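Trainee: One structure is given below, represented as structure tokens, and several questions about it will come after.
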Amino acid sequence: MATLGYYRLAAVVPHIRVADVKGNAKLLVAGAQDAAEQGAHAVLFPELSLTGYTCGDLFFHADIQRAALDGLRELAEGTAGLGCVVITTIPLVVQEGLYNVATVLQSGRLLGLVPKSVLPNYREFYERRQFRPAADLRVSSVRLEGFGEVPVGTDILFTDGAGFTFGVEVCEDLWSVLPPSSRLALQGARVIFNPCASTEMAGKAHYRRQLVAQQSGTCLCAYVLASAGVGESTQDVVYSGHALIADNGHIVAENKRFARETTLTCADIDLERLGAARLSESSYNENRLPQEWREVRLVQLKPLSTECDLRFARLPKRPFLPSPIQMEERCEDILNIQAAGLAKRVEHTGAQCLIIGISGGLDSSLALLVCARACEALKRDSSCIRAVTMPGFGTTGRTHDNAVRLAHLLGVTFSEVDIREVCKQEFSMIGFDPAHRTTTYENVQARARTQLLMNLANMHNGLVVGTGDLSEIALGWSTYNGDHMSMYAVNCSIPKTLIRCLIAHVGRFSSPELAEVLLDIIDTPVSPELLPPADDGTMEQKTEDVLGPYDLHDFFLYHFIKYGAPRKKLLALAQKAWGEEYDSEIIEKTLDTFLSRFFTQQYKRSCIPDGPKVGTISLSPRGDWRMPSDAVL
């Protein structure tokens, strides 16, 4: 059974009672059992949840200290058969000092203790009154009744040796200038657990979310935080029971705060993907620390498999698209990056105009909109854009009319050049029978268009703007030295699914006439229009009928390039994300097409034009993707 590298992480916030250790232990056992039934590999409880965080000077009493250890043994016994890791903290006396230590349990064993490093001692917090910081600890292990010799310290990583490696920091540690989680991540922790007791104030939840998300992004890790709930004392402050799970900069799961019953929050996190990101997406390996670290072995955990339901996975169908809340800002950023790149190239080359071929399709329409934005940035009139539509044997009335209308609405210099006679002459010159609708029939048209645009650029001291997109570059869906070539390719790092999104964004802020044209362009099937239309004049040649859905290709592209997902994982993830829209046969066939074309068409990518990178994925041979043209799958 192929594994996906996903592990299910859980944060449980029980409705405890302060100092009722026996009752609280039962709640924690029940919460861990619920999490295990949900398939959790690890479950985190809030800080001091066996005793309650707000015991105050009761922590000095031997009864509460003994009760905490008894509660921990009860928690260990009650979760011994679950297999999952269970984490909370207890007050523990070590060498005449009282420490707030995180406890890591699995299969009835206490695997390690991690003392809290940073003790808040300001405003409502007075932890130094009861506890000592980790830096005061002078031993590396302690002997506890029922558990034997247990390692203790902030230098411990817990690992099953097969992909699941984590570290623990406690509450305020995260709020410090140098959080322990940063060091833990640099030593290999892919998950950080934080048992916490964060007081609630107006606006603090938002800050807490930002802090957890940012630290998970900085450390390229998953971050799980469970904070004390409403069962804590409300003598002076209130606790909301906030639970958060973040994955590499994104909050992927969160509970409802102020719940008066136990909450269970789960997320399926791809730890394999985080490992791949550390290899290729950051300077992670430039920051290794010389410090000595200890590893504590877990009973090996089995990651989720292809036959498991990733119920709590963050798996967007269209991973290149911004979230709705970020849509407007992100689209503006992308369009401005494209326009800025083109404007700089125009300034540098001294080009007097922009030459662009427009078909009425998605790619050329976006490129034309970018040209208009670049001219605006350069304070040039849009008439310096020379848009040329070049009808061929497959051009339909719908795309032709949209190209003409778009050019006129944007106020660019427009011309139309029919390429059919030129292509017929070339067919005759090379002895090709145009009745054979082969790639020669198609590519003669594509190269005729590119040659025409290049010659116009020479005539007018212009710059030919490329229109091909990232999806086409990945698949090699272009004519070599035809639409494959330009002088600056503004769409080169924008996949097909995102192009629709960008055009729709422009349409929302355009005149009704322009918006109408853009919406029709979005609704037009993708086609190179190189084969004759149907008898009724409608489009006969549709790219997705040949290649498969671009939704799937872009999904495969994202996970293959960004995280190095192998074929089995790509297939499993696509079936999870897209199984309701596409049957397994289409998904697998499209995946085979993607992988085959990606490897066989690298030679085209090895000599593509310059163009701006707008997101985390680019296939530029000079920047992001260096691959031999004769590599095999």
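Every chain in the structure tokens has a letter given in the order shown (A, B, ...), and although residue numbers restart at 1 in each chain, ligands are simply numbered from 1 in the order shown.
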Once DSSP has gone over the backbone, tell me which residues of region 153-369 of chain A are in strand (DSSP E or B), as a PyMOL selection string.

Mentor: chain A and resi 156-159+165-168+191-196+199+222-227+239+243-247+250-254+263-270+294-297+305+313+353-357

Trainee: Find the residues of region 145-248 of chain A that sit at most 9 Å from region 278-291 of chain A; for each, write down the nearest two atoms and how far apart they are in Å, to one decimal. Count only C-alpha atoms. Sort by chain, then by number going up, and give it as a Markdown table.

Mentor:
```
| residue | atom | partner | partner_atom | distance |
| --- | --- | --- | --- | --- |
| A:Asp155 | CA | A:Gln291 | CA | 8.6 |
| A:Arg183 | CA | A:Leu289 | CA | 7.5 |
| A:Leu186 | CA | A:Arg288 | CA | 5.8 |
| A:Gln187 | CA | A:Arg288 | CA | 7.0 |
| A:Cys219 | CA | A:Tyr284 | CA | 8.1 |
| A:Leu220 | CA | A:Arg278 | CA | 6.7 |
```

Trainee: Just want the 10 Å neighbourhood of Arg345 (chain A), counted on only C-alpha atoms, with same-chain residues fewer than 2 positions away dropped. Output as an MDAnalysis selection string.

Mentor: chainID A and resid 339:343 347:351 463 487:488 610:611

Trainee: Could those selected residues go to a file with N, CA and C atoms, as a JSON list (two decimals), in the first residue's frame?

Mentor:
```json
[["chain", "number", "residue", "atom", "x", "y", "z"],
["A", 339, "ALA", "N", 3.87, 43.36, -15.89],
["A", 339, "ALA", "CA", 4.01, 44.66, -16.56],
["A", 339, "ALA", "C", 5.36, 45.29, -16.25],
["A", 340, "ALA", "N", 5.82, 45.16, -15.00],
["A", 340, "ALA", "CA", 7.12, 45.74, -14.63],
["A", 340, "ALA", "C", 8.25, 45.07, -15.39],
["A", 341, "GLY", "N", 8.16, 43.74, -15.53],
["A", 341, "GLY", "CA", 9.19, 43.03, -16.29],
["A", 341, "GLY", "C", 9.24, 43.47, -17.74],
["A", 342, "LEU", "N", 8.07, 43.61, -18.34],
["A", 342, "LEU", "CA", 8.01, 44.03, -19.74],
["A", 342, "LEU", "C", 8.47, 45.47, -19.90],
["A", 343, "ALA", "N", 8.06, 46.34, -18.99],
["A", 343, "ALA", "CA", 8.45, 47.76, -19.07],
["A", 343, "ALA", "C", 9.97, 47.91, -18.99],
["A", 347, "GLU", "N", 12.44, 49.54, -21.85],
["A", 347, "GLU", "CA", 13.41, 50.61, -21.56],
["A", 347, "GLU", "C", 14.82, 50.21, -21.94],
["A", 348, "HIS", "N", 15.19, 48.99, -21.59],
["A", 348, "HIS", "CA", 16.57, 48.55, -21.83],
["A", 348, "HIS", "C", 16.89, 48.43, -23.31],
["A", 349, "THR", "N", 15.95, 47.91, -24.08],
["A", 349, "THR", "CA", 16.20, 47.69, -25.51],
["A", 349, "THR", "C", 15.94, 48.93, -26.35],
["A", 350, "GLY", "N", 15.24, 49.90, -25.78],
["A", 350, "GLY", "CA", 14.89, 51.09, -26.55],
["A", 350, "GLY", "C", 13.81, 50.81, -27.59],
["A", 351, "ALA", "N", 13.04, 49.76, -27.40],
["A", 351, "ALA", "CA", 11.98, 49.42, -28.35],
["A", 351, "ALA", "C", 10.96, 50.55, -28.45],
["A", 463, "LEU", "N", 9.33, 45.11, -30.10],
["A", 463, "LEU", "CA", 9.66, 43.95, -29.28],
["A", 463, "LEU", "C", 8.51, 42.96, -29.39],
["A", 487, "MET", "N", 10.51, 37.70, -27.96],
["A", 487, "MET", "CA", 11.60, 38.52, -27.41],
["A", 487, "MET", "C", 11.43, 38.77, -25.91],
["A", 488, "TYR", "N", 10.23, 38.55, -25.38],
["A", 488, "TYR", "CA", 9.99, 38.59, -23.94],
["A", 488, "TYR", "C", 8.65, 37.91, -23.70],
["A", 610, "ASP", "N", 13.40, 34.98, -22.28],
["A", 610, "ASP", "CA", 13.30, 35.57, -20.95],
["A", 610, "ASP", "C", 11.84, 35.87, -20.63],
["A", 611, "GLY", "N", 11.55, 35.94, -19.35],
["A", 611, "GLY", "CA", 10.21, 36.32, -18.90],
["A", 611, "GLY", "C", 10.19, 36.37, -17.38]]
```

Trainee: If we count only C-alpha atoms and set the cut-off at 12 Å, which residues sit around Ser182 (chain A), ignoring sequence neighbours fewer than 2 positions away in its own chain? Please answer as a PyMOL selection string.

Mentor: chain A and resi 166-169+173-180+184-192+214-221+223+284+287-289

Trainee: How would the residues just chosen look if you wrote them out with C-alpha atoms as a PDB file, in the first residue's frame?

Mentor:
```pdb
ATOM      1  CA  PHE A 166       9.083  16.501  16.061  1.00  0.00           C
ATOM      2  CA  GLY A 167      10.140  18.838  18.812  1.00  0.00           C
ATOM      3  CA  VAL A 168       8.285  20.568  21.633  1.00  0.00           C
ATOM      4  CA  GLU A 169       8.315  24.121  22.917  1.00  0.00           C
ATOM      5  CA  ASP A 173       8.766  29.948  24.054  1.00  0.00           C
ATOM      6  CA  LEU A 174       7.044  30.832  20.774  1.00  0.00           C
ATOM      7  CA  TRP A 175       6.645  34.485  21.782  1.00  0.00           C
ATOM      8  CA  SER A 176      10.375  34.872  22.524  1.00  0.00           C
ATOM      9  CA  VAL A 177      12.904  36.573  20.258  1.00  0.00           C
ATOM     10  CA  LEU A 178      14.661  33.280  19.495  1.00  0.00           C
ATOM     11  CA  PRO A 179      12.041  30.520  19.796  1.00  0.00           C
ATOM     12  CA  PRO A 180      13.385  27.030  20.559  1.00  0.00           C
ATOM     13  CA  LEU A 184      14.475  22.282  16.674  1.00  0.00           C
ATOM     14  CA  ALA A 185      13.508  22.751  13.029  1.00  0.00           C
ATOM     15  CA  LEU A 186      17.134  23.231  12.011  1.00  0.00           C
ATOM     16  CA  GLN A 187      17.951  19.902  13.622  1.00  0.00           C
ATOM     17  CA  GLY A 188      15.296  18.123  11.587  1.00  0.00           C
ATOM     18  CA  ALA A 189      11.971  18.562  13.382  1.00  0.00           C
ATOM     19  CA  ARG A 190       9.219  18.685  10.772  1.00  0.00           C
ATOM     20  CA  VAL A 191       6.526  19.194  13.407  1.00  0.00           C
ATOM     21  CA  ILE A 192       6.531  21.494  16.420  1.00  0.00           C
ATOM     22  CA  GLN A 214       4.682  32.755  10.464  1.00  0.00           C
ATOM     23  CA  GLN A 215       6.775  30.410  12.597  1.00  0.00           C
ATOM     24  CA  SER A 216       5.612  27.386  10.615  1.00  0.00           C
ATOM     25  CA  GLY A 217       6.590  29.193   7.416  1.00  0.00           C
ATOM     26  CA  THR A 218       9.947  30.352   8.769  1.00  0.00           C
ATOM     27  CA  CYS A 219      10.784  26.844   9.992  1.00  0.00           C
ATOM     28  CA  LEU A 220       9.270  25.010   6.988  1.00  0.00           C
ATOM     29  CA  CYS A 221       7.333  22.835   9.388  1.00  0.00           C
ATOM     30  CA  TYR A 223       3.051  23.726  13.956  1.00  0.00           C
ATOM     31  CA  TYR A 284      17.338  25.758   5.298  1.00  0.00           C
ATOM     32  CA  ASN A 287      21.756  27.331   8.945  1.00  0.00           C
ATOM     33  CA  ARG A 288      22.718  24.070  10.601  1.00  0.00           C
ATOM     34  CA  LEU A 289      23.711  24.380  14.239  1.00  0.00           C
TER      35      LEU A 289
END
```

Trainee: Find the spatial neighbours of Ala403 (chain A), counting only C-alpha atoms, within a cut-off of 10 Å - ignore same-chain residues fewer than 4 positions away - and output them as a list in words.

Mentor: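 Answer for this query is Gly357, Ile358, Ser359, Gly360, Gly361, Ser364, Ser365, Ala387, Val388, Thr389, Gly397, Arg398, Thr399, Ala407, His408, Phe414, Val517 and Ile521 of chain A.
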
Trainee: My list of candidates is A:Asp381, A:Glu328, A:Glu307, A:Glu544. Which is closest to Thr593 (chain A) when distances are computed with only C-alpha atoms?

Mentor: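 Among the listed residues, A:Glu544 lies closest to Thr593 (chain A).
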